>>> print(open('data35.cif').read())   # mmCIF, C-alpha atoms and all ligand atoms
data_model
loop_
_atom_site.group_PDB
_atom_site.id
_atom_site.type_symbol
_atom_site.label_atom_id
_atom_site.label_comp_id
_atom_site.auth_asym_id
_atom_site.auth_seq_id
_atom_site.Cartn_x
_atom_site.Cartn_y
_atom_site.Cartn_z
ATOM 1 C CA MET A 1 151.139 143.334 129.024
ATOM 2 C CA ALA A 2 152.495 140.323 130.937
ATOM 3 C CA ASP A 3 148.943 139.572 132.025
ATOM 4 C CA VAL A 4 147.808 139.475 128.414
ATOM 5 C CA VAL A 5 150.607 137.062 127.536
ATOM 6 C CA VAL A 6 149.743 134.813 130.468
ATOM 7 C CA GLU A 7 146.060 134.878 129.540
ATOM 8 C CA LYS A 8 146.868 134.040 125.914
ATOM 9 C CA GLN A 9 149.092 131.159 127.019
ATOM 10 C CA THR A 10 146.375 129.842 129.328
ATOM 11 C CA THR A 11 143.791 130.027 126.549
ATOM 12 C CA ASN A 12 146.091 128.150 124.185
ATOM 13 C CA GLU A 13 146.781 125.527 126.833
ATOM 14 C CA SER A 14 143.106 125.053 127.602
ATOM 15 C CA GLN A 15 142.316 124.823 123.864
ATOM 16 C CA GLN A 16 145.033 122.180 123.468
ATOM 17 C CA GLU A 17 143.725 120.389 126.542
ATOM 18 C CA GLN A 18 140.189 120.446 125.136
ATOM 19 C CA GLN A 19 141.430 119.186 121.781
ATOM 20 C CA LYS A 20 143.234 116.321 123.538
ATOM 21 C CA THR A 21 140.053 115.434 125.427
ATOM 22 C CA THR A 22 137.873 115.451 122.330
ATOM 23 C CA GLU A 23 140.414 113.306 120.501
ATOM 24 C CA ILE A 24 139.990 110.438 122.975
ATOM 25 C CA LYS A 25 137.962 107.831 121.104
ATOM 26 C CA HIS A 26 135.400 105.733 122.895
ATOM 27 C CA SER A 27 135.541 101.984 122.499
ATOM 28 C CA GLU A 28 131.860 101.113 122.098
ATOM 29 C CA VAL A 29 131.250 99.125 118.961
ATOM 30 C CA GLY A 30 128.364 100.252 116.786
ATOM 31 C CA HIS A 31 127.745 103.522 118.523
ATOM 32 C CA LYS A 32 127.435 106.802 116.699
ATOM 33 C CA SER A 33 127.867 109.304 119.499
ATOM 34 C CA LEU A 34 125.648 112.355 119.473
ATOM 35 C CA LEU A 35 127.331 113.815 122.543
ATOM 36 C CA GLN A 36 129.716 116.747 122.283
ATOM 37 C CA SER A 37 132.761 114.514 122.665
ATOM 38 C CA ASP A 38 133.699 110.861 122.539
ATOM 39 C CA ALA A 39 135.415 111.317 125.908
ATOM 40 C CA LEU A 40 132.083 112.246 127.475
ATOM 41 C CA TYR A 41 130.436 109.164 126.013
ATOM 42 C CA GLN A 42 133.330 107.004 127.234
ATOM 43 C CA TYR A 43 132.820 108.542 130.684
ATOM 44 C CA ILE A 44 129.162 107.414 130.683
ATOM 45 C CA LEU A 45 130.134 103.921 129.585
ATOM 46 C CA GLU A 46 132.889 103.524 132.160
ATOM 47 C CA THR A 47 131.056 105.167 135.064
ATOM 48 C CA SER A 48 127.476 103.991 134.718
ATOM 49 C CA VAL A 49 127.156 101.335 132.029
ATOM 50 C CA TYR A 50 130.010 98.807 131.981
ATOM 51 C CA PRO A 51 130.199 98.363 135.780
ATOM 52 C CA ARG A 52 126.483 97.453 135.856
ATOM 53 C CA GLU A 53 126.331 95.452 132.622
ATOM 54 C CA PRO A 54 125.191 91.874 133.303
ATOM 55 C CA GLU A 55 127.956 89.326 132.538
ATOM 56 C CA PRO A 56 126.013 87.572 129.699
ATOM 57 C CA MET A 57 125.498 90.905 127.941
ATOM 58 C CA LYS A 58 129.203 91.638 128.180
ATOM 59 C CA GLU A 59 129.943 88.200 126.726
ATOM 60 C CA LEU A 60 127.520 88.770 123.858
ATOM 61 C CA ARG A 61 128.984 92.227 123.227
ATOM 62 C CA ASP A 62 132.457 90.661 122.930
ATOM 63 C CA ILE A 63 131.220 87.992 120.509
ATOM 64 C CA THR A 64 129.411 90.613 118.420
ATOM 65 C CA ALA A 65 132.481 92.883 118.310
ATOM 66 C CA LYS A 66 134.261 90.172 116.286
ATOM 67 C CA HIS A 67 131.451 89.950 113.724
ATOM 68 C CA PRO A 68 131.937 91.871 110.444
ATOM 69 C CA TRP A 69 128.564 93.663 110.752
ATOM 70 C CA ASN A 70 129.122 94.761 114.358
ATOM 71 C CA LEU A 71 128.111 98.314 113.460
ATOM 72 C CA MET A 72 124.507 97.069 113.628
ATOM 73 C CA THR A 73 124.545 96.135 117.294
ATOM 74 C CA THR A 74 122.724 98.036 120.016
ATOM 75 C CA SER A 75 125.223 99.911 122.184
ATOM 76 C CA ALA A 76 125.696 99.022 125.851
ATOM 77 C CA ASP A 77 124.175 102.297 127.090
ATOM 78 C CA GLU A 78 121.099 101.803 124.922
ATOM 79 C CA GLY A 79 120.816 98.233 126.231
ATOM 80 C CA GLN A 80 120.855 99.620 129.769
ATOM 81 C CA PHE A 81 118.239 102.201 128.809
ATOM 82 C CA LEU A 82 115.928 99.535 127.319
ATOM 83 C CA SER A 83 116.293 97.394 130.406
ATOM 84 C CA MET A 84 115.354 100.291 132.704
ATOM 85 C CA LEU A 85 112.416 101.276 130.500
ATOM 86 C CA LEU A 86 110.994 97.739 130.400
ATOM 87 C CA LYS A 87 111.150 97.502 134.172
ATOM 88 C CA LEU A 88 109.598 100.953 134.649
ATOM 89 C CA ILE A 89 106.580 100.030 132.525
ATOM 90 C CA ASN A 90 106.340 96.477 133.950
ATOM 91 C CA ALA A 91 106.483 95.017 130.449
ATOM 92 C CA LYS A 92 105.570 91.357 130.092
ATOM 93 C CA ASN A 93 104.475 90.686 126.521
ATOM 94 C CA THR A 94 106.945 92.208 124.056
ATOM 95 C CA MET A 95 108.126 92.074 120.455
ATOM 96 C CA GLU A 96 111.421 92.804 118.721
ATOM 97 C CA ILE A 97 111.798 93.391 114.990
ATOM 98 C CA GLY A 98 115.488 93.108 114.022
ATOM 99 C CA VAL A 99 117.530 90.840 116.284
ATOM 100 C CA TYR A 100 121.014 90.527 114.685
ATOM 101 C CA THR A 101 123.175 88.730 117.336
ATOM 102 C CA GLY A 102 120.654 89.522 120.065
ATOM 103 C CA TYR A 103 122.123 92.246 122.298
ATOM 104 C CA SER A 104 118.858 94.212 122.693
ATOM 105 C CA LEU A 105 116.985 90.900 122.796
ATOM 106 C CA LEU A 106 119.108 89.689 125.713
ATOM 107 C CA ALA A 107 118.688 93.041 127.490
ATOM 108 C CA THR A 108 114.920 92.589 127.088
ATOM 109 C CA ALA A 109 114.896 88.931 128.129
ATOM 110 C CA LEU A 110 116.871 89.715 131.291
ATOM 111 C CA ALA A 111 114.601 92.640 132.167
ATOM 112 C CA LEU A 112 111.302 90.759 131.804
ATOM 113 C CA PRO A 113 109.757 88.689 134.588
ATOM 114 C CA GLU A 114 110.121 84.866 134.503
ATOM 115 C CA ASP A 115 106.861 84.489 132.547
ATOM 116 C CA GLY A 116 107.648 87.389 130.182
ATOM 117 C CA LYS A 117 107.560 86.830 126.412
ATOM 118 C CA ILE A 118 109.377 88.224 123.383
ATOM 119 C CA LEU A 119 108.259 87.560 119.848
ATOM 120 C CA ALA A 120 111.559 88.127 118.012
ATOM 121 C CA MET A 121 111.835 88.372 114.232
ATOM 122 C CA ASP A 122 114.747 88.550 111.832
ATOM 123 C CA ILE A 123 115.373 87.479 108.245
ATOM 124 C CA ASN A 124 118.783 86.202 109.378
ATOM 125 C CA LYS A 125 118.838 83.252 111.780
ATOM 126 C CA GLU A 126 122.586 82.663 111.564
ATOM 127 C CA ASN A 127 123.410 85.848 113.459
ATOM 128 C CA TYR A 128 120.793 85.079 116.107
ATOM 129 C CA GLU A 129 122.401 81.662 116.543
ATOM 130 C CA LEU A 130 125.756 83.304 117.253
ATOM 131 C CA GLY A 131 124.303 84.851 120.387
ATOM 132 C CA LEU A 132 121.871 82.077 121.280
ATOM 133 C CA PRO A 133 124.287 80.025 123.450
ATOM 134 C CA VAL A 134 124.844 83.082 125.643
ATOM 135 C CA ILE A 135 121.077 83.650 125.909
ATOM 136 C CA GLN A 136 120.602 79.987 126.843
ATOM 137 C CA LYS A 137 123.401 80.105 129.425
ATOM 138 C CA ALA A 138 121.775 83.190 130.940
ATOM 139 C CA GLY A 139 118.618 81.091 131.495
ATOM 140 C CA VAL A 140 116.255 83.357 129.568
ATOM 141 C CA ALA A 141 115.811 81.509 126.237
ATOM 142 C CA HIS A 142 112.366 80.226 127.320
ATOM 143 C CA LYS A 143 111.029 83.796 127.058
ATOM 144 C CA ILE A 144 111.938 84.058 123.354
ATOM 145 C CA ASP A 145 109.855 82.952 120.376
ATOM 146 C CA PHE A 146 112.211 83.535 117.415
ATOM 147 C CA ARG A 147 110.728 83.607 113.909
ATOM 148 C CA GLU A 148 113.012 83.619 110.907
ATOM 149 C CA GLY A 149 111.762 85.714 108.001
ATOM 150 C CA PRO A 150 110.426 89.169 107.176
ATOM 151 C CA ALA A 151 108.398 90.698 109.998
ATOM 152 C CA LEU A 152 105.683 92.419 107.977
ATOM 153 C CA PRO A 153 103.752 89.264 106.908
ATOM 154 C CA VAL A 154 103.834 88.009 110.525
ATOM 155 C CA LEU A 155 102.312 91.301 111.674
ATOM 156 C CA ASP A 156 99.688 91.084 108.934
ATOM 157 C CA VAL A 157 98.556 87.678 110.181
ATOM 158 C CA MET A 158 98.513 88.889 113.780
ATOM 159 C CA VAL A 159 96.464 91.980 112.978
ATOM 160 C CA GLU A 160 93.771 89.782 111.389
ATOM 161 C CA ASP A 161 93.030 88.182 114.763
ATOM 162 C CA PRO A 162 91.346 90.643 117.166
ATOM 163 C CA LYS A 163 92.700 88.591 120.087
ATOM 164 C CA ASN A 164 96.135 90.074 119.339
ATOM 165 C CA HIS A 165 94.894 93.654 119.406
ATOM 166 C CA GLY A 166 96.236 95.614 122.356
ATOM 167 C CA SER A 167 98.197 92.580 123.552
ATOM 168 C CA PHE A 168 101.752 93.967 123.578
ATOM 169 C CA ASP A 169 103.241 96.088 126.341
ATOM 170 C CA PHE A 170 106.385 96.972 124.405
ATOM 171 C CA VAL A 171 107.766 96.653 120.874
ATOM 172 C CA PHE A 172 111.335 97.455 119.784
ATOM 173 C CA VAL A 173 111.687 98.155 116.053
ATOM 174 C CA ASP A 174 115.282 97.968 114.816
ATOM 175 C CA ALA A 175 115.148 96.546 111.275
ATOM 176 C CA ASP A 176 114.597 97.793 107.709
ATOM 177 C CA LYS A 177 114.074 101.554 107.989
ATOM 178 C CA ASP A 178 112.088 101.725 104.732
ATOM 179 C CA ASN A 179 109.352 99.716 106.449
ATOM 180 C CA TYR A 180 109.084 101.672 109.720
ATOM 181 C CA TRP A 181 105.810 103.330 108.724
ATOM 182 C CA ASN A 182 104.417 99.998 107.493
ATOM 183 C CA TYR A 183 105.333 98.503 110.877
ATOM 184 C CA HIS A 184 103.721 101.405 112.661
ATOM 185 C CA LYS A 185 100.428 100.975 110.792
ATOM 186 C CA ARG A 186 100.176 97.422 112.171
ATOM 187 C CA LEU A 187 101.833 97.881 115.566
ATOM 188 C CA ILE A 188 99.448 100.656 116.562
ATOM 189 C CA ASP A 189 96.713 97.969 116.781
ATOM 190 C CA LEU A 190 98.897 95.322 118.409
ATOM 191 C CA VAL A 191 100.324 97.439 121.236
ATOM 192 C CA LYS A 192 97.981 98.201 124.131
ATOM 193 C CA ILE A 193 96.809 101.716 124.974
ATOM 194 C CA GLY A 194 99.515 102.973 127.324
ATOM 195 C CA GLY A 195 102.008 100.572 125.744
ATOM 196 C CA VAL A 196 105.262 101.697 124.141
ATOM 197 C CA ILE A 197 106.848 101.239 120.711
ATOM 198 C CA GLY A 198 110.535 102.161 120.408
ATOM 199 C CA TYR A 199 111.770 102.974 116.912
ATOM 200 C CA ASP A 200 115.548 102.815 116.713
ATOM 201 C CA ASN A 201 118.037 104.813 114.618
ATOM 202 C CA THR A 202 115.712 107.742 114.041
ATOM 203 C CA LEU A 203 118.672 110.156 113.861
ATOM 204 C CA TRP A 204 120.245 107.911 111.242
ATOM 205 C CA ASN A 205 123.954 108.642 111.774
ATOM 206 C CA GLY A 206 123.123 112.333 112.131
ATOM 207 C CA SER A 207 122.291 112.314 108.408
ATOM 208 C CA VAL A 208 118.816 113.719 109.150
ATOM 209 C CA VAL A 209 120.421 117.163 109.376
ATOM 210 C CA ALA A 210 123.079 116.722 106.686
ATOM 211 C CA PRO A 211 122.755 118.722 103.442
ATOM 212 C CA PRO A 212 121.519 116.446 100.633
ATOM 213 C CA ASP A 213 124.872 116.724 98.796
ATOM 214 C CA ALA A 214 126.990 115.851 101.881
ATOM 215 C CA PRO A 215 129.193 112.758 101.534
ATOM 216 C CA MET A 216 127.396 109.754 103.010
ATOM 217 C CA ARG A 217 127.798 106.030 102.942
ATOM 218 C CA LYS A 218 125.540 104.428 100.348
ATOM 219 C CA TYR A 219 123.238 102.692 102.827
ATOM 220 C CA VAL A 220 122.979 105.851 104.939
ATOM 221 C CA ARG A 221 121.936 107.850 101.891
ATOM 222 C CA TYR A 222 119.488 105.172 100.762
ATOM 223 C CA TYR A 223 117.505 105.013 104.019
ATOM 224 C CA ARG A 224 117.831 108.700 104.916
ATOM 225 C CA ASP A 225 114.674 109.853 103.121
ATOM 226 C CA PHE A 226 112.641 107.053 104.711
ATOM 227 C CA VAL A 227 113.859 108.053 108.186
ATOM 228 C CA LEU A 228 113.102 111.735 107.503
ATOM 229 C CA GLU A 229 109.609 110.856 106.269
ATOM 230 C CA PHE A 230 108.988 108.510 109.206
ATOM 231 C CA ASN A 231 110.074 111.155 111.744
ATOM 232 C CA LYS A 232 107.666 113.661 110.216
ATOM 233 C CA SER A 233 104.779 111.191 110.110
ATOM 234 C CA ILE A 234 105.228 109.913 113.664
ATOM 235 C CA ALA A 235 105.432 113.478 115.005
ATOM 236 C CA ALA A 236 102.047 114.134 113.375
ATOM 237 C CA ASP A 237 100.314 110.936 114.560
ATOM 238 C CA PRO A 238 97.692 111.860 117.185
ATOM 239 C CA ARG A 239 97.366 108.222 118.322
ATOM 240 C CA VAL A 240 100.734 108.364 120.080
ATOM 241 C CA GLU A 241 102.733 110.602 122.377
ATOM 242 C CA ILE A 242 106.362 110.668 121.324
ATOM 243 C CA CYS A 243 109.798 111.362 122.715
ATOM 244 C CA GLN A 244 112.889 111.252 120.500
ATOM 245 C CA LEU A 245 115.975 110.569 122.566
ATOM 246 C CA PRO A 246 119.631 111.040 121.551
ATOM 247 C CA VAL A 247 120.537 107.598 122.890
ATOM 248 C CA GLY A 248 122.530 105.380 120.548
ATOM 249 C CA ASP A 249 121.652 106.493 117.030
ATOM 250 C CA GLY A 250 118.439 108.110 118.236
ATOM 251 C CA VAL A 251 115.432 106.239 119.547
ATOM 252 C CA THR A 252 111.858 107.493 119.298
ATOM 253 C CA LEU A 253 109.527 106.235 122.002
ATOM 254 C CA CYS A 254 105.824 106.227 121.165
ATOM 255 C CA ARG A 255 103.209 105.744 123.840
ATOM 256 C CA ARG A 256 99.856 104.715 122.407
ATOM 257 C CA ILE A 257 97.108 106.960 123.685
ATOM 258 C CA SER A 258 94.149 105.996 121.461
HETATM 259 N N1 LIG B 1 118.507 94.926 117.652
HETATM 260 C C1 LIG B 1 119.727 94.332 117.152
HETATM 261 C C2 LIG B 1 120.826 94.319 118.195
HETATM 262 O O1 LIG B 1 120.603 94.714 119.344
HETATM 263 O O2 LIG B 1 121.949 93.907 117.869
HETATM 264 C C3 LIG B 1 120.221 95.014 115.900
HETATM 265 C C4 LIG B 1 119.344 94.796 114.685
HETATM 266 S S1 LIG B 1 120.140 95.195 113.169
HETATM 267 C C5 LIG B 1 120.358 96.914 113.272
HETATM 268 C C6 LIG B 1 118.865 95.033 111.958
HETATM 269 C C7 LIG B 1 118.370 93.628 111.735
HETATM 270 O O3 LIG B 1 117.158 93.685 110.991
HETATM 271 C C8 LIG B 1 119.312 92.760 110.923
HETATM 272 O O4 LIG B 1 119.705 91.631 111.692
HETATM 273 C C9 LIG B 1 118.499 92.332 109.709
HETATM 274 O O5 LIG B 1 118.715 90.986 109.317
HETATM 275 C C10 LIG B 1 117.066 92.529 110.202
HETATM 276 N N2 LIG B 1 116.081 92.756 109.146
HETATM 277 C C11 LIG B 1 116.220 93.456 108.000
HETATM 278 N N3 LIG B 1 115.085 93.439 107.295
HETATM 279 C C12 LIG B 1 114.180 92.728 108.027
HETATM 280 C C13 LIG B 1 112.816 92.375 107.850
HETATM 281 N N4 LIG B 1 112.149 92.731 106.752
HETATM 282 N N5 LIG B 1 112.202 91.637 108.814
HETATM 283 C C14 LIG B 1 112.876 91.255 109.909
HETATM 284 N N6 LIG B 1 114.161 91.568 110.145
HETATM 285 C C15 LIG B 1 114.811 92.287 109.217
HETATM 286 CA CA CA B 2 119.703 99.999 115.917
#
>>> encode(input="data35.cif", output="structure tokens")
Amino acid sequence: MADVVVEKQTTNESQQEQQKTTEIKHSEVGHKSLLQSDALYQYILETSVYPREPEPMKELRDITAKHPWNLMTTSADEGQFLSMLLKLINAKNTMEIGVYTGYSLLATALALPEDGKILAMDINKENYELGLPVIQKAGVAHKIDFREGPALPVLDVMVEDPKNHGSFDFVFVDADKDNYWNYHKRLIDLVKIGGVIGYDNTLWNGSVVAPPDAPMRKYVRYYRDFVLEFNKSIAADPRVEICQLPVGDGVTLCRRIS
């Protein structure tokens, strides 16, 4: 009998303990954790990410945290992931669609060799200019060719010139989700065979598995169907191998194979 009581007490204590642990909120701005607890995500940040985060990226993260749209930023762990990936594939000529204040752009610029290049596009230059002084101070601004305006027409012009075909080692797509498939149709020619395209936010706040009548923020609901459709289409595209990772808000890596 006493044993049962003790066991019950222990179970209650461990449940309370677990509840306490899961209630610890992580501090990363803009991250929608897909891990089983925020405490686990915070553990990753504090153990492996923040101690190795380059100083300029930390500075840019702090600046971005004060901006009203900070939810849009790439998280520090995803920045670290991108940096590792770019180095693993020896990327040199790259593209980014959707810059915001430039956290993923800076991660890319720092990871590329001295003569590396990033064609960076965003309809909003003001936000890019918030981060630009940090990028300049870090000594990597010479790698960036920033173009203000919608990305699709720029891609259309590039696709017309065969010289651009197969010229990119890596592309990071992190902009208007309703255009992801339109981007893909053009990027598949611009990235080299063996090159990688990363499509960001492909788990879209977890809404990809939410019932259609679940409460959702307006913008989440609006783009949800596009993300669902894109995920289905990319999984069926024989020109690429894919890998959808639960990093950040979900990132789908596509390696061009034909
Ligand atoms: N990669 C960024 C970072 O690390 O902080 C986050 C990008 S944010 C999620 C999306 C960006 O896409 C916004 O800055 C927005 O202005 C830009 N955008 C939206 N529509 C666009 C378009 N048609 N062409 C280019 N950029 C666009
Ligand atoms: Ca994103």
>>> resolve_selection(input="data35.cif", expression="the PyMOL selection byres (((chain A and resi 94-104) around 8) and not hetatm)", output="PDB file with C-alpha atoms, keeping the file's coordinate frame")
ATOM      1  CA  MET A  57     125.498  90.905 127.941  1.00  0.00           C
ATOM      2  CA  LEU A  60     127.520  88.770 123.858  1.00  0.00           C
ATOM      3  CA  ARG A  61     128.984  92.227 123.227  1.00  0.00           C
ATOM      4  CA  THR A  64     129.411  90.613 118.420  1.00  0.00           C
ATOM      5  CA  MET A  72     124.507  97.069 113.628  1.00  0.00           C
ATOM      6  CA  THR A  73     124.545  96.135 117.294  1.00  0.00           C
ATOM      7  CA  THR A  74     122.724  98.036 120.016  1.00  0.00           C
ATOM      8  CA  GLY A  79     120.816  98.233 126.231  1.00  0.00           C
ATOM      9  CA  LEU A  82     115.928  99.535 127.319  1.00  0.00           C
ATOM     10  CA  ALA A  91     106.483  95.017 130.449  1.00  0.00           C
ATOM     11  CA  LYS A  92     105.570  91.357 130.092  1.00  0.00           C
ATOM     12  CA  ASN A  93     104.475  90.686 126.521  1.00  0.00           C
ATOM     13  CA  LEU A 105     116.985  90.900 122.796  1.00  0.00           C
ATOM     14  CA  LEU A 106     119.108  89.689 125.713  1.00  0.00           C
ATOM     15  CA  ALA A 107     118.688  93.041 127.490  1.00  0.00           C
ATOM     16  CA  THR A 108     114.920  92.589 127.088  1.00  0.00           C
ATOM     17  CA  GLY A 116     107.648  87.389 130.182  1.00  0.00           C
ATOM     18  CA  LYS A 117     107.560  86.830 126.412  1.00  0.00           C
ATOM     19  CA  ILE A 118     109.377  88.224 123.383  1.00  0.00           C
ATOM     20  CA  LEU A 119     108.259  87.560 119.848  1.00  0.00           C
ATOM     21  CA  ALA A 120     111.559  88.127 118.012  1.00  0.00           C
ATOM     22  CA  MET A 121     111.835  88.372 114.232  1.00  0.00           C
ATOM     23  CA  ASP A 122     114.747  88.550 111.832  1.00  0.00           C
ATOM     24  CA  ASN A 124     118.783  86.202 109.378  1.00  0.00           C
ATOM     25  CA  ASN A 127     123.410  85.848 113.459  1.00  0.00           C
ATOM     26  CA  TYR A 128     120.793  85.079 116.107  1.00  0.00           C
ATOM     27  CA  GLU A 129     122.401  81.662 116.543  1.00  0.00           C
ATOM     28  CA  LEU A 130     125.756  83.304 117.253  1.00  0.00           C
ATOM     29  CA  GLY A 131     124.303  84.851 120.387  1.00  0.00           C
ATOM     30  CA  LEU A 132     121.871  82.077 121.280  1.00  0.00           C
ATOM     31  CA  ALA A 151     108.398  90.698 109.998  1.00  0.00           C
ATOM     32  CA  PHE A 168     101.752  93.967 123.578  1.00  0.00           C
ATOM     33  CA  ASP A 169     103.241  96.088 126.341  1.00  0.00           C
ATOM     34  CA  PHE A 170     106.385  96.972 124.405  1.00  0.00           C
ATOM     35  CA  VAL A 171     107.766  96.653 120.874  1.00  0.00           C
ATOM     36  CA  PHE A 172     111.335  97.455 119.784  1.00  0.00           C
ATOM     37  CA  VAL A 173     111.687  98.155 116.053  1.00  0.00           C
ATOM     38  CA  ASP A 174     115.282  97.968 114.816  1.00  0.00           C
ATOM     39  CA  ALA A 175     115.148  96.546 111.275  1.00  0.00           C
ATOM     40  CA  ASP A 176     114.597  97.793 107.709  1.00  0.00           C
TER      41      ASP A 176
END
>>> atom_distance(input="data35.cif", atom1="atom CA of A:Lys177", atom2="atom CA of A:Ser258")
24.5 Å
>>> closest_residue(input="data35.cif", among="A:Lys218, A:Lys143, A:Arg224, A:Lys137", to="A:Asp178", atoms="only C-alpha atoms")
A:Arg224
>>> residues_around(input="data35.cif", residues="stretch 239-255 of chain A", least_positions_apart="3", cutoff="6 Å", atoms="all atoms listed in the file", output="ChimeraX atom specification")
/A:31-32,78,194-203,258
>>> closest_residue(input="data35.cif", among="A:Tyr43, A:Phe230, A:Trp204, A:Tyr219", to="ligand CA 2 (chain B)", atoms="all atoms listed in the file")
A:Trp204
>>> resolve_selection(input="data35.cif", expression="the PyMOL selection byres (((chain A and resi 190) around 9) and not hetatm)", output="list in words")
Leu155, Met158, Val159, Pro162, Asn164, His165, Gly166, Ser167, Phe168, Arg186, Leu187, Ile188, Asp189, Val191 and Lys192 of chain A
>>> closest_residue(input="data35.cif", among="A:Gln42, A:Ser75, A:Pro54, A:Lys66", to="ligand CA 2 (chain B)", atoms="only C-alpha atoms and all ligand atoms")
A:Ser75
>>> axis_aligned_box(input="data35.cif", around="stretch 144-149 of chain A", padding_each_side="5 Å", output="AutoDock Vina command-line options")
--center_x 111.4 --center_y 84.3 --center_z 115.7 --size_x 13.2 --size_y 12.8 --size_z 25.4
>>> atom_distance(input="data35.cif", atom1="atom CA of A:Asp225", atom2="atom CA of A:Gln80")
29.2 Å
>>> closest_residue(input="data35.cif", among="A:Arg221, A:Glu59, A:Ala76, A:His67", to="A:Ile44", atoms="only C-alpha atoms")
A:Ala76
>>> residues_around(input="data35.cif", residues="A:Ile123", least_positions_apart="4", cutoff="7 Å", atoms="all atoms listed in the file", output="number ranges by chain")
A: 148-150
>>> closest_residue(input="data35.cif", among="A:Leu152, A:Leu86, A:Val134, A:Leu45", to="ligand LIG 1 (chain B)", atoms="all atoms listed in the file")
A:Leu152
>>> atom_distance(input="data35.cif", atom1="atom CA of A:Val140", atom2="atom CA of A:Leu110")
6.6 Å
>>> closest_residue(input="data35.cif", among="A:Gln36, A:Asn70, A:Ala236, A:Tyr41", to="ligand CA 2 (chain B)", atoms="all atoms listed in the file")
A:Asn70
>>> build_atoms(input="data35.cif", residues="stretch 164-181 of chain A", atoms="N, CA and C atoms", output="PDB file, keeping the file's coordinate frame")
ATOM      1  N   ASN A 164      94.788  89.496 119.217  1.00  0.00           N
ATOM      2  CA  ASN A 164      96.135  90.074 119.339  1.00  0.00           C
ATOM      3  C   ASN A 164      96.121  91.588 119.542  1.00  0.00           C
ATOM      4  N   HIS A 165      94.956  92.184 119.296  1.00  0.00           N
ATOM      5  CA  HIS A 165      94.894  93.654 119.406  1.00  0.00           C
ATOM      6  C   HIS A 165      95.118  94.085 120.846  1.00  0.00           C
ATOM      7  N   GLY A 166      95.973  95.080 121.011  1.00  0.00           N
ATOM      8  CA  GLY A 166      96.236  95.614 122.356  1.00  0.00           C
ATOM      9  C   GLY A 166      96.931  94.626 123.277  1.00  0.00           C
ATOM     10  N   SER A 167      97.626  93.629 122.688  1.00  0.00           N
ATOM     11  CA  SER A 167      98.197  92.580 123.552  1.00  0.00           C
ATOM     12  C   SER A 167      99.677  92.803 123.909  1.00  0.00           C
ATOM     13  N   PHE A 168     100.323  93.762 123.291  1.00  0.00           N
ATOM     14  CA  PHE A 168     101.752  93.967 123.578  1.00  0.00           C
ATOM     15  C   PHE A 168     101.985  95.184 124.482  1.00  0.00           C
ATOM     16  N   ASP A 169     102.867  94.985 125.439  1.00  0.00           N
ATOM     17  CA  ASP A 169     103.241  96.088 126.341  1.00  0.00           C
ATOM     18  C   ASP A 169     104.347  96.942 125.730  1.00  0.00           C
ATOM     19  N   PHE A 170     105.211  96.270 124.939  1.00  0.00           N
ATOM     20  CA  PHE A 170     106.385  96.972 124.405  1.00  0.00           C
ATOM     21  C   PHE A 170     106.828  96.323 123.102  1.00  0.00           C
ATOM     22  N   VAL A 171     107.202  97.148 122.140  1.00  0.00           N
ATOM     23  CA  VAL A 171     107.766  96.653 120.874  1.00  0.00           C
ATOM     24  C   VAL A 171     109.024  97.463 120.565  1.00  0.00           C
ATOM     25  N   PHE A 172     110.105  96.766 120.193  1.00  0.00           N
ATOM     26  CA  PHE A 172     111.335  97.455 119.784  1.00  0.00           C
ATOM     27  C   PHE A 172     111.532  97.200 118.295  1.00  0.00           C
ATOM     28  N   VAL A 173     111.542  98.274 117.508  1.00  0.00           N
ATOM     29  CA  VAL A 173     111.687  98.155 116.053  1.00  0.00           C
ATOM     30  C   VAL A 173     113.094  98.602 115.676  1.00  0.00           C
ATOM     31  N   ASP A 174     113.879  97.671 115.123  1.00  0.00           N
ATOM     32  CA  ASP A 174     115.282  97.968 114.816  1.00  0.00           C
ATOM     33  C   ASP A 174     115.689  97.201 113.549  1.00  0.00           C
ATOM     34  N   ALA A 175     114.853  97.298 112.508  1.00  0.00           N
ATOM     35  CA  ALA A 175     115.148  96.546 111.275  1.00  0.00           C
ATOM     36  C   ALA A 175     115.129  97.495 110.076  1.00  0.00           C
ATOM     37  N   ASP A 176     114.591  97.032 108.963  1.00  0.00           N
ATOM     38  CA  ASP A 176     114.597  97.793 107.709  1.00  0.00           C
ATOM     39  C   ASP A 176     113.853  99.130 107.845  1.00  0.00           C
ATOM     40  N   LYS A 177     114.625 100.203 107.735  1.00  0.00           N
ATOM     41  CA  LYS A 177     114.074 101.554 107.989  1.00  0.00           C
ATOM     42  C   LYS A 177     113.020 101.952 106.961  1.00  0.00           C
ATOM     43  N   ASP A 178     113.080 101.373 105.755  1.00  0.00           N
ATOM     44  CA  ASP A 178     112.088 101.725 104.732  1.00  0.00           C
ATOM     45  C   ASP A 178     110.707 101.162 105.066  1.00  0.00           C
ATOM     46  N   ASN A 179     110.654 100.280 106.073  1.00  0.00           N
ATOM     47  CA  ASN A 179     109.352  99.716 106.449  1.00  0.00           C
ATOM     48  C   ASN A 179     108.823 100.256 107.769  1.00  0.00           C
ATOM     49  N   TYR A 180     109.505 101.215 108.383  1.00  0.00           N
ATOM     50  CA  TYR A 180     109.084 101.672 109.720  1.00  0.00           C
ATOM     51  C   TYR A 180     107.625 102.120 109.734  1.00  0.00           C
ATOM     52  N   TRP A 181     107.195 102.864 108.713  1.00  0.00           N
ATOM     53  CA  TRP A 181     105.810 103.330 108.724  1.00  0.00           C
ATOM     54  C   TRP A 181     104.842 102.169 108.506  1.00  0.00           C
TER      55      TRP A 181
END
